[in-house]
>>> print(open('protein-v9.txt').read())   # compact mmCIF, C-alpha atoms and all ligand atoms
# COMPACT_ATOMS: atom_id res chain seq x y z
CA MET Z 1 23.95 14.46 -20.38
CA GLY Z 2 25.40 14.13 -23.90
CA LEU Z 3 23.35 14.08 -27.09
CA LEU Z 4 23.84 10.32 -27.48
CA ASP Z 5 22.56 9.68 -23.93
CA THR Z 6 19.53 11.88 -24.59
CA ILE Z 7 18.75 9.98 -27.81
CA LYS Z 8 19.20 6.63 -26.00
CA GLU Z 9 16.85 7.78 -23.24
CA LYS Z 10 14.18 8.89 -25.73
CA VAL Z 11 14.43 5.58 -27.61
CA ALA Z 12 14.14 3.63 -24.33
CA GLU Z 13 11.14 5.76 -23.32
CA ALA Z 14 9.41 5.08 -26.64
CA ALA Z 15 10.10 1.34 -26.36
CA TYR Z 16 9.31 1.08 -22.63
CA PRO Z 17 7.05 3.95 -21.59
CA ARG Z 18 7.46 4.92 -17.94
CA ARG Z 19 4.67 3.91 -15.63
CA CYS Z 20 3.65 5.05 -12.17
CA PRO Z 21 5.06 2.43 -9.76
CA LEU Z 22 1.89 2.64 -7.67
CA CYS Z 23 -1.04 2.54 -10.12
CA GLY Z 24 0.63 1.74 -13.46
CA ALA Z 25 -0.54 4.93 -15.28
CA LEU Z 26 1.82 6.35 -17.92
CA ILE Z 27 4.05 9.11 -16.54
CA ASN Z 28 6.61 11.57 -17.94
CA SER Z 29 10.34 11.00 -17.53
CA ASN Z 30 10.54 13.81 -14.94
CA GLU Z 31 7.87 12.23 -12.69
CA ARG Z 32 8.45 9.49 -10.10
CA ILE Z 33 4.76 8.76 -9.57
CA CYS Z 34 1.58 10.08 -11.24
CA SER Z 35 -0.12 13.24 -9.98
CA ARG Z 36 -3.09 11.30 -8.61
CA CYS Z 37 -0.91 8.95 -6.56
CA SER Z 38 1.22 11.81 -5.28
CA LYS Z 39 -1.98 13.24 -3.77
CA ASP Z 40 -3.01 9.88 -2.31
CA VAL Z 41 0.29 8.45 -1.08
CA GLU Z 42 0.75 8.84 2.67
CA PHE Z 43 4.30 9.03 4.03
CA ILE Z 44 4.85 8.23 7.69
CA ARG Z 45 5.67 11.40 9.56
CA ARG Z 46 7.37 11.81 12.90
CA PRO Z 47 6.80 11.22 15.72
CA ILE Z 48 6.89 7.49 14.97
CA CYS Z 49 6.82 4.51 17.32
CA ARG Z 50 10.36 3.26 17.88
CA ILE Z 51 9.15 -0.34 17.95
CA CYS Z 52 6.49 -0.94 15.27
CA GLY Z 53 7.26 2.06 13.01
CA ARG Z 54 3.66 3.35 12.98
CA PRO Z 55 2.86 7.02 13.45
CA LEU Z 56 2.96 7.32 17.24
CA TYR Z 57 -0.68 8.31 17.61
CA THR Z 58 -1.78 5.06 15.94
CA CYS Z 59 0.52 2.68 17.86
CA ALA Z 60 -0.63 0.26 20.52
CA CYS Z 61 2.44 -1.96 20.84
CA ARG Z 62 4.33 -2.59 24.05
CA ARG Z 63 8.06 -2.89 24.66
CA GLY Z 64 9.18 -6.52 24.94
CA GLU Z 65 6.29 -7.86 22.84
CA ASN Z 66 8.36 -8.45 19.71
CA ALA Z 67 11.49 -10.47 19.07
CA PHE Z 68 12.73 -7.88 16.58
CA VAL Z 69 14.25 -4.67 17.92
CA ARG Z 70 12.38 -2.27 15.67
CA ASN Z 71 10.52 -1.88 12.40
CA VAL Z 72 10.62 1.13 10.09
CA SER Z 73 8.42 1.79 7.04
CA PRO Z 74 8.29 4.80 4.74
CA LEU Z 75 4.55 4.57 3.91
CA VAL Z 76 1.17 4.07 5.53
CA TYR Z 77 -0.61 1.10 3.92
CA THR Z 78 -3.50 3.05 2.38
CA LYS Z 79 -4.84 3.85 -1.09
CA ALA Z 80 -1.81 4.42 -3.36
CA ALA Z 81 0.61 2.26 -1.34
CA LYS Z 82 -1.95 -0.59 -1.35
CA LYS Z 83 -2.27 -0.35 -5.13
CA GLY Z 84 1.52 -0.33 -5.58
CA ILE Z 85 2.07 -3.31 -3.29
CA HIS Z 86 -0.67 -5.21 -5.09
CA ARG Z 87 1.04 -4.44 -8.43
CA MET Z 88 4.36 -5.59 -7.05
CA LYS Z 89 2.86 -8.85 -5.77
CA PHE Z 90 0.70 -9.83 -8.69
CA ASN Z 91 1.84 -7.91 -11.82
CA ASP Z 92 5.59 -8.63 -11.78
CA SER Z 93 6.36 -4.92 -11.75
CA PRO Z 94 10.12 -4.42 -11.28
CA TYR Z 95 9.83 -0.60 -11.32
CA SER Z 96 7.43 -0.82 -8.34
CA CYS Z 97 10.01 -2.91 -6.44
CA THR Z 98 12.70 -0.34 -7.21
CA TYR Z 99 10.47 2.54 -6.09
CA PHE Z 100 9.55 0.89 -2.78
CA GLY Z 101 13.08 -0.47 -2.23
CA LYS Z 102 14.62 3.00 -2.54
CA LEU Z 103 12.10 4.47 -0.09
CA MET Z 104 12.87 1.63 2.34
CA ALA Z 105 16.61 2.30 2.01
CA ASN Z 106 15.98 5.97 2.88
CA SER Z 107 14.12 4.91 6.03
CA VAL Z 108 17.02 2.62 6.97
CA ARG Z 109 19.48 5.50 6.58
CA THR Z 110 17.48 8.00 8.62
CA GLU Z 111 16.08 5.70 11.32
CA TYR Z 112 18.90 3.16 11.72
CA PHE Z 113 22.18 4.44 10.31
CA ASP Z 114 21.70 7.93 11.77
CA CYS Z 115 21.19 6.26 15.17
CA GLY Z 116 24.40 4.24 14.84
CA VAL Z 117 22.79 0.86 13.97
CA ARG Z 118 24.83 -1.22 11.49
CA PHE Z 119 23.94 -4.47 9.72
CA ASP Z 120 25.98 -7.49 8.72
CA CYS Z 121 23.42 -8.79 6.22
CA VAL Z 122 20.04 -8.11 4.63
CA VAL Z 123 17.53 -11.00 4.73
CA TYR Z 124 13.88 -11.28 3.68
CA VAL Z 125 10.60 -13.05 4.50
CA PRO Z 126 10.55 -16.20 2.34
CA MET Z 127 7.72 -17.72 0.31
CA HIS Z 128 6.91 -21.40 0.29
CA ARG Z 129 8.61 -23.08 -2.68
CA ASP Z 130 5.24 -23.98 -4.29
CA ASP Z 131 4.08 -20.35 -4.11
CA PHE Z 132 7.45 -19.21 -5.46
CA ARG Z 133 7.12 -21.63 -8.38
CA SER Z 134 3.63 -20.43 -9.27
CA ARG Z 135 4.44 -16.69 -8.94
CA GLY Z 136 7.97 -16.87 -10.32
CA TYR Z 137 9.43 -14.34 -7.90
CA ASN Z 138 9.29 -13.24 -4.27
CA GLN Z 139 8.59 -9.51 -3.95
CA ALA Z 140 10.22 -9.42 -0.49
CA MET Z 141 13.44 -10.75 -2.05
CA LEU Z 142 13.31 -8.14 -4.84
CA LEU Z 143 12.82 -5.38 -2.25
CA ALA Z 144 15.67 -6.79 -0.14
CA ARG Z 145 17.95 -6.79 -3.18
CA THR Z 146 17.26 -3.11 -3.90
CA VAL Z 147 17.69 -2.19 -0.23
CA ALA Z 148 20.96 -4.17 0.01
CA ASP Z 149 22.34 -2.46 -3.12
CA GLU Z 150 21.29 0.98 -1.91
CA ILE Z 151 22.73 0.69 1.60
CA GLU Z 152 25.72 -1.39 0.46
CA VAL Z 153 25.16 -4.30 2.85
CA PRO Z 154 25.40 -7.92 1.56
CA LEU Z 155 22.15 -9.74 0.78
CA LEU Z 156 21.95 -13.17 2.40
CA SER Z 157 19.70 -15.23 0.12
CA LYS Z 158 17.70 -18.09 1.60
CA ALA Z 159 18.65 -17.27 5.19
CA LEU Z 160 15.07 -18.30 6.00
CA VAL Z 161 12.88 -20.90 4.31
CA LYS Z 162 9.15 -21.41 4.71
CA ASN Z 163 8.27 -24.90 5.92
CA PHE Z 164 4.59 -25.04 5.00
CA ARG Z 165 1.88 -23.06 3.24
CA ASN Z 166 -0.33 -21.29 5.75
CA ARG Z 167 -3.61 -19.48 5.31
CA PRO Z 168 -3.35 -15.86 4.05
CA GLN Z 169 -2.72 -13.70 7.14
CA HIS Z 170 -5.11 -10.90 6.13
CA THR Z 171 -8.11 -13.24 6.52
CA LEU Z 172 -7.39 -13.94 10.20
CA SER Z 173 -7.72 -12.32 13.62
CA PHE Z 174 -4.58 -11.34 15.57
CA MET Z 175 -4.48 -14.55 17.66
CA GLU Z 176 -5.19 -16.69 14.59
CA ARG Z 177 -2.34 -14.92 12.75
CA LYS Z 178 0.05 -15.77 15.55
CA ARG Z 179 -0.91 -19.45 15.47
CA ASN Z 180 -0.95 -19.47 11.66
CA VAL Z 181 2.77 -18.59 11.39
CA GLN Z 182 4.07 -20.52 14.41
CA GLY Z 183 6.86 -22.83 13.24
CA ALA Z 184 6.36 -21.70 9.63
CA PHE Z 185 10.02 -20.73 9.09
CA SER Z 186 13.42 -22.29 9.57
CA VAL Z 187 17.07 -21.38 9.04
CA PRO Z 188 18.75 -24.07 6.92
CA ARG Z 189 22.30 -22.86 7.64
CA PRO Z 190 22.49 -21.32 11.14
CA GLU Z 191 26.23 -20.68 10.77
CA LEU Z 192 25.43 -17.96 8.20
CA VAL Z 193 23.38 -15.88 10.68
CA LYS Z 194 25.19 -16.72 13.92
CA GLY Z 195 26.28 -13.61 15.83
CA LYS Z 196 25.02 -11.29 13.07
CA THR Z 197 22.88 -8.17 13.20
CA LEU Z 198 20.29 -8.60 10.45
CA LEU Z 199 17.97 -6.32 8.51
CA LEU Z 200 14.79 -8.25 7.68
CA CYS Z 201 12.75 -7.00 4.66
CA ASP Z 202 9.11 -7.52 3.72
CA ASP Z 203 6.49 -5.67 1.68
CA VAL Z 204 3.93 -4.77 4.35
CA THR Z 205 3.54 -4.91 8.12
CA THR Z 206 0.00 -5.58 9.23
CA SER Z 207 -0.11 -7.18 12.69
CA GLY Z 208 3.68 -7.78 12.72
CA THR Z 209 3.23 -11.50 13.48
CA THR Z 210 5.09 -12.68 10.35
CA LEU Z 211 8.07 -10.38 11.04
CA ASN Z 212 8.05 -11.52 14.64
CA GLU Z 213 8.01 -15.23 13.80
CA CYS Z 214 10.90 -14.70 11.33
CA ALA Z 215 12.83 -12.80 14.02
CA VAL Z 216 12.18 -15.56 16.61
CA THR Z 217 13.48 -18.15 14.12
CA LEU Z 218 16.61 -16.12 13.26
CA LEU Z 219 17.39 -15.45 16.95
CA ASP Z 220 16.90 -19.15 17.79
CA ALA Z 221 19.42 -19.91 15.04
CA GLY Z 222 21.97 -17.65 16.76
CA ALA Z 223 21.47 -14.21 15.16
CA LYS Z 224 22.55 -11.37 17.46
CA ALA Z 225 19.69 -8.97 16.64
CA VAL Z 226 16.97 -8.49 14.01
CA TYR Z 227 15.75 -5.11 12.78
CA CYS Z 228 12.96 -4.84 10.18
CA VAL Z 229 12.09 -2.62 7.25
CA THR Z 230 8.88 -2.87 5.23
CA ALA Z 231 7.52 -0.72 2.40
CA ALA Z 232 4.30 0.10 4.24
CA VAL Z 233 2.68 -0.41 7.61
CA ALA Z 234 -1.04 -0.89 8.18
CA VAL Z 235 -2.64 1.49 10.62
CA MET Z 236 -5.82 0.47 12.37
CA SER Z 237 -8.49 2.95 11.36
CA GLU Z 238 -10.05 3.12 14.79
CA MET Z 239 -6.75 3.91 16.50
CA PRO Z 240 -6.35 7.61 15.59
CA ALA Z 241 -9.62 8.54 17.26
CA ILE Z 242 -8.72 6.66 20.45
CA LYS Z 243 -5.24 8.14 20.63
CA ALA Z 244 -6.40 11.61 19.70
CA ALA Z 245 -8.81 11.42 22.61
CA ALA Z 246 -5.98 10.28 24.90
CA PHE Z 247 -3.29 12.73 23.73
CA GLY Z 248 -5.30 15.62 22.30
CA ALA Z 249 -5.88 16.64 18.68
CA GLY Z 250 -2.77 17.26 16.60
CA TYR Z 251 -0.59 14.96 18.66
ZN ZN Q 1 -0.19 6.48 -9.97
ZN ZN Q 2 4.32 0.77 18.10
>>> encode(input="protein-v9.txt", output="structure tokens", more="lines below")
Ligand SMILES: [Zn+2]
Ligand SMILES: [Zn+2]
Amino acid sequence: MGLLDTIKEKVAEAAYPRRCPLCGALINSNERICSRCSKDVEFIRRPICRICGRPLYTCACRRGENAFVRNVSPLVYTKAAKKGIHRMKFNDSPYSCTYFGKLMANSVRTEYFDCGVRFDCVVYVPMHRDDFRSRGYNQAMLLARTVADEIEVPLLSKALVKNFRNRPQHTLSFMERKRNVQGAFSVPRPELVKGKTLLLCDDVTTSGTTLNECAVTLLDAGAKAVYCVTAAVAVMSEMPAIKAAAFGAGY
């Protein structure tokens, strides 16, 4: 780096101090996240479920249950990841979107590209237009844009639209979540997705019902296949104990 670049970087740092993309604390230029978050953040380690993307010992999904082929996520939705996703949703934090988007792109490379899966387009879970107006941005779209840039696949904006405002999914049981999103999405221009293999982006996978409903809608519109990537996946706290009992400790 030349002297001029170094000066420019120092000036930019003074004007816009770097912040941890997860908690917002000030960080040095050589840090990606703060030391506290680097202790708390939980990356998903192999073996992982080849359907829902959870660590295998926490997975309870069955083949054929979902319309999408697979989901992958770099992080477990706990502590630091929760904070970062909350920042991204409610604090208009572009550096958080970039941080998560780059991690998601890495997961796409290792879990999809390395297995020979290729995508025609990147799409994302839409917000209802009233919610979009009040928030001013859709974090799933910002993530999808970073992922699309990183993996060099075109972003297809507005492939899906949300037809109505439903109740927040996190307040509902699994069956209620399913009903809550049924018919919530549509594809305004089916010719844009017809015959295509799509990568669907969202911020977090909890029950997977939103991703599934989006995938059902895209497949009904003629898409060939839908794969998913989210920044983090929720793991049911009671699951590890059950699975550990079934498979043995350390599985
Ligand atoms: Zn932090
Ligand atoms: Zn699974």
>>> closest_atom_pairs(input="protein-v9.txt", of="chain Z", to="ligand ZN 2 (chain Q)", cutoff="8 Å", atoms="all atoms listed in the file", output="CSV")
residue,atom,partner,partner_atom,distance
Z:Ile48,CA,Q:ZN2,ZN,7.8
Z:Cys49,CA,Q:ZN2,ZN,4.6
Z:Arg50,CA,Q:ZN2,ZN,6.5
Z:Ile51,CA,Q:ZN2,ZN,5.0
Z:Cys52,CA,Q:ZN2,ZN,4.0
Z:Gly53,CA,Q:ZN2,ZN,6.0
Z:Arg54,CA,Q:ZN2,ZN,5.8
Z:Pro55,CA,Q:ZN2,ZN,7.9
Z:Leu56,CA,Q:ZN2,ZN,6.7
Z:Thr58,CA,Q:ZN2,ZN,7.8
Z:Cys59,CA,Q:ZN2,ZN,4.3
Z:Ala60,CA,Q:ZN2,ZN,5.5
Z:Cys61,CA,Q:ZN2,ZN,4.3
Z:Arg62,CA,Q:ZN2,ZN,6.8
>>> axis_aligned_box(input="protein-v9.txt", around="segment 162-174 of chain Z", padding_each_side="3 Å", output="lines of an AutoDock Vina configuration file")
center_x = 0.5
center_y = -18.0
center_z = 9.4
size_x = 23.3
size_y = 20.1
size_z = 18.3
>>> atom_distance(input="protein-v9.txt", atom1="atom CA of Asn166 of chain Z", atom2="atom CA of Asp220 of chain Z")
21.1 Å
>>> residues_around(input="protein-v9.txt", residues="Ser93 of chain Z", least_positions_apart="4", cutoff="12 Å", atoms="all atoms listed in the file", output="JSON, numbers by chain")
{"Z": [18, 19, 20, 21, 22, 23, 24, 83, 84, 85, 86, 87, 88, 89, 97, 98, 99, 100, 137, 138, 139, 142, 143]}
>>> write_last_selection(input="protein-v9.txt", atoms="C-alpha atoms", output="compact mmCIF listing (two decimals), in the coordinates of the input")
# COMPACT_ATOMS: atom_id res chain seq x y z
CA ARG Z 18 7.46 4.92 -17.94
CA ARG Z 19 4.67 3.91 -15.63
CA CYS Z 20 3.65 5.05 -12.17
CA PRO Z 21 5.06 2.43 -9.76
CA LEU Z 22 1.89 2.64 -7.67
CA CYS Z 23 -1.04 2.54 -10.12
CA GLY Z 24 0.63 1.74 -13.46
CA LYS Z 83 -2.27 -0.35 -5.13
CA GLY Z 84 1.52 -0.33 -5.58
CA ILE Z 85 2.07 -3.31 -3.29
CA HIS Z 86 -0.67 -5.21 -5.09
CA ARG Z 87 1.04 -4.44 -8.43
CA MET Z 88 4.36 -5.59 -7.05
CA LYS Z 89 2.86 -8.85 -5.77
CA CYS Z 97 10.01 -2.91 -6.44
CA THR Z 98 12.70 -0.34 -7.21
CA TYR Z 99 10.47 2.54 -6.09
CA PHE Z 100 9.55 0.89 -2.78
CA TYR Z 137 9.43 -14.34 -7.90
CA ASN Z 138 9.29 -13.24 -4.27
CA GLN Z 139 8.59 -9.51 -3.95
CA LEU Z 142 13.31 -8.14 -4.84
CA LEU Z 143 12.82 -5.38 -2.25
>>> residues_around(input="protein-v9.txt", residues="segment 185-199 of chain Z", least_positions_apart="5", cutoff="9 Å", atoms="only C-alpha atoms", output="PyMOL selection string")
chain Z and resi 118-126+144+156+158-164+213-214+217-229
>>> closest_residue(input="protein-v9.txt", among="Z:Tyr57, Z:Phe43, Z:Phe113, Z:Tyr95", to="Ala81 of chain Z", atoms="all atoms listed in the file")
Z:Phe43
>>> atom_distance(input="protein-v9.txt", atom1="atom CA of Leu75 of chain Z", atom2="atom CA of Asp203 of chain Z")
10.7 Å
>>> closest_residue(input="protein-v9.txt", among="Z:Pro17, Z:Ser107, Z:Asp114, Z:Thr206", to="Thr171 of chain Z", atoms="all atoms listed in the file")
Z:Thr206
>>> decode(input="protein-v9.txt", residues="segment 22-153 of chain Z", atoms="C-alpha atoms", output="CSV table (one decimal), in the first residue's frame")
chain,number,residue,atom,x,y,z
Z,22,LEU,CA,-22.0,-7.9,15.5
Z,23,CYS,CA,-22.2,-5.7,18.6
Z,24,GLY,CA,-21.3,-2.2,17.2
Z,25,ALA,CA,-18.2,-1.7,19.5
Z,26,LEU,CA,-15.3,0.3,18.1
Z,27,ILE,CA,-12.6,-2.0,16.6
Z,28,ASN,CA,-9.1,-1.5,15.2
Z,29,SER,CA,-8.5,-1.6,11.4
Z,30,ASN,CA,-6.9,-5.1,11.7
Z,31,GLU,CA,-9.9,-6.6,13.5
Z,32,ARG,CA,-13.0,-8.0,11.7
Z,33,ILE,CA,-15.0,-8.3,14.9
Z,34,CYS,CA,-14.3,-7.3,18.5
Z,35,SER,CA,-12.6,-9.7,20.9
Z,36,ARG,CA,-15.7,-10.3,23.0
Z,37,CYS,CA,-17.8,-11.3,19.9
Z,38,SER,CA,-15.0,-13.5,18.6
Z,39,LYS,CA,-15.3,-15.5,21.8
Z,40,ASP,CA,-19.1,-15.7,21.6
Z,41,VAL,CA,-19.6,-16.2,17.9
Z,42,GLU,CA,-20.4,-19.8,17.0
Z,43,PHE,CA,-19.5,-21.1,13.6
Z,44,ILE,CA,-21.3,-24.2,12.3
Z,45,ARG,CA,-18.9,-27.1,12.2
Z,46,ARG,CA,-19.1,-30.3,10.3
Z,47,PRO,CA,-20.7,-32.8,10.3
Z,48,ILE,CA,-23.7,-30.7,9.2
Z,49,CYS,CA,-27.2,-31.8,8.0
Z,50,ARG,CA,-27.3,-31.8,4.2
Z,51,ILE,CA,-30.9,-30.6,4.3
Z,52,CYS,CA,-31.4,-27.9,7.0
Z,53,GLY,CA,-27.7,-26.9,7.5
Z,54,ARG,CA,-27.8,-27.4,11.2
Z,55,PRO,CA,-25.0,-29.2,13.0
Z,56,LEU,CA,-25.9,-32.8,12.5
Z,57,TYR,CA,-26.4,-33.6,16.2
Z,58,THR,CA,-29.1,-30.9,16.5
Z,59,CYS,CA,-31.1,-31.7,13.3
Z,60,ALA,CA,-34.5,-33.4,13.3
Z,61,CYS,CA,-35.5,-32.8,9.7
Z,62,ARG,CA,-36.5,-35.5,7.3
Z,63,ARG,CA,-35.8,-35.9,3.6
Z,64,GLY,CA,-38.7,-34.8,1.4
Z,65,GLU,CA,-40.1,-32.5,4.0
Z,66,ASN,CA,-38.9,-29.3,2.3
Z,67,ALA,CA,-39.4,-27.9,-1.2
Z,68,PHE,CA,-35.9,-26.5,-1.2
Z,69,VAL,CA,-33.0,-28.9,-1.9
Z,70,ARG,CA,-30.7,-27.7,0.9
Z,71,ASN,CA,-29.9,-24.8,3.3
Z,72,VAL,CA,-26.5,-23.8,4.4
Z,73,SER,CA,-25.6,-21.2,7.1
Z,74,PRO,CA,-22.2,-20.2,8.4
Z,75,LEU,CA,-23.3,-19.4,12.0
Z,76,VAL,CA,-25.5,-20.8,14.8
Z,77,TYR,CA,-28.1,-18.2,15.8
Z,78,THR,CA,-26.8,-17.5,19.3
Z,79,LYS,CA,-25.4,-14.6,21.3
Z,80,ALA,CA,-23.1,-12.7,19.0
Z,81,ALA,CA,-24.9,-13.7,15.7
Z,82,LYS,CA,-28.3,-12.7,17.3
Z,83,LYS,CA,-26.9,-9.3,18.2
Z,84,GLY,CA,-25.5,-8.8,14.7
Z,85,ILE,CA,-28.7,-9.8,12.9
Z,86,HIS,CA,-30.7,-7.5,15.2
Z,87,ARG,CA,-28.3,-4.7,14.3
Z,88,MET,CA,-28.7,-5.5,10.6
Z,89,LYS,CA,-32.5,-5.5,10.9
Z,90,PHE,CA,-33.0,-2.5,13.0
Z,91,ASN,CA,-29.9,-0.2,12.9
Z,92,ASP,CA,-29.3,0.1,9.2
Z,93,SER,CA,-25.8,-1.3,9.6
Z,94,PRO,CA,-24.3,-1.9,6.1
Z,95,TYR,CA,-21.0,-3.2,7.5
Z,96,SER,CA,-23.0,-6.0,9.3
Z,97,CYS,CA,-24.6,-6.9,6.0
Z,98,THR,CA,-21.2,-7.1,4.3
Z,99,TYR,CA,-19.8,-9.2,7.2
Z,100,PHE,CA,-22.7,-11.7,7.1
Z,101,GLY,CA,-22.9,-11.7,3.3
Z,102,LYS,CA,-19.2,-12.6,2.9
Z,103,LEU,CA,-19.6,-15.5,5.4
Z,104,MET,CA,-22.6,-16.7,3.5
Z,105,ALA,CA,-20.7,-16.6,0.2
Z,106,ASN,CA,-18.0,-18.7,1.8
Z,107,SER,CA,-20.6,-21.3,2.8
Z,108,VAL,CA,-22.0,-21.3,-0.8
Z,109,ARG,CA,-18.5,-21.9,-2.2
Z,110,THR,CA,-17.6,-24.8,0.2
Z,111,GLU,CA,-21.0,-26.5,0.5
Z,112,TYR,CA,-22.5,-25.9,-3.0
Z,113,PHE,CA,-19.8,-25.0,-5.5
Z,114,ASP,CA,-17.4,-27.6,-4.2
Z,115,CYS,CA,-20.2,-30.2,-4.7
Z,116,GLY,CA,-20.8,-29.1,-8.3
Z,117,VAL,CA,-24.0,-27.1,-7.7
Z,118,ARG,CA,-24.3,-24.0,-9.9
Z,119,PHE,CA,-26.8,-21.1,-9.8
Z,120,ASP,CA,-28.5,-19.1,-12.5
Z,121,CYS,CA,-29.6,-16.3,-10.2
Z,122,VAL,CA,-29.6,-15.2,-6.5
Z,123,VAL,CA,-33.0,-14.2,-5.1
Z,124,TYR,CA,-34.1,-13.2,-1.6
Z,125,VAL,CA,-37.1,-13.4,0.9
Z,126,PRO,CA,-39.1,-10.3,0.3
Z,127,MET,CA,-40.7,-7.9,2.8
Z,128,HIS,CA,-44.2,-6.5,2.4
Z,129,ARG,CA,-44.1,-3.1,0.7
Z,130,ASP,CA,-45.5,-1.3,3.8
Z,131,ASP,CA,-42.7,-2.8,6.0
Z,132,PHE,CA,-40.2,-1.9,3.4
Z,133,ARG,CA,-41.4,1.7,3.3
Z,134,SER,CA,-41.2,2.0,7.1
Z,135,ARG,CA,-37.8,0.3,7.4
Z,136,GLY,CA,-36.3,1.7,4.2
Z,137,TYR,CA,-34.4,-1.4,3.3
Z,138,ASN,CA,-34.7,-5.2,3.3
Z,139,GLN,CA,-31.8,-6.9,5.0
Z,140,ALA,CA,-32.3,-10.1,3.0
Z,141,MET,CA,-31.9,-8.1,-0.2
Z,142,LEU,CA,-28.7,-6.4,1.1
Z,143,LEU,CA,-27.3,-9.9,2.0
Z,144,ALA,CA,-28.3,-11.3,-1.4
Z,145,ARG,CA,-26.5,-8.4,-3.1
Z,146,THR,CA,-23.3,-9.1,-1.2
Z,147,VAL,CA,-23.6,-12.8,-1.9
Z,148,ALA,CA,-24.3,-12.3,-5.6
Z,149,ASP,CA,-21.3,-10.0,-5.9
Z,150,GLU,CA,-19.0,-12.3,-4.1
Z,151,ILE,CA,-20.0,-15.5,-6.0
Z,152,GLU,CA,-20.4,-13.6,-9.3
Z,153,VAL,CA,-24.0,-14.8,-10.0
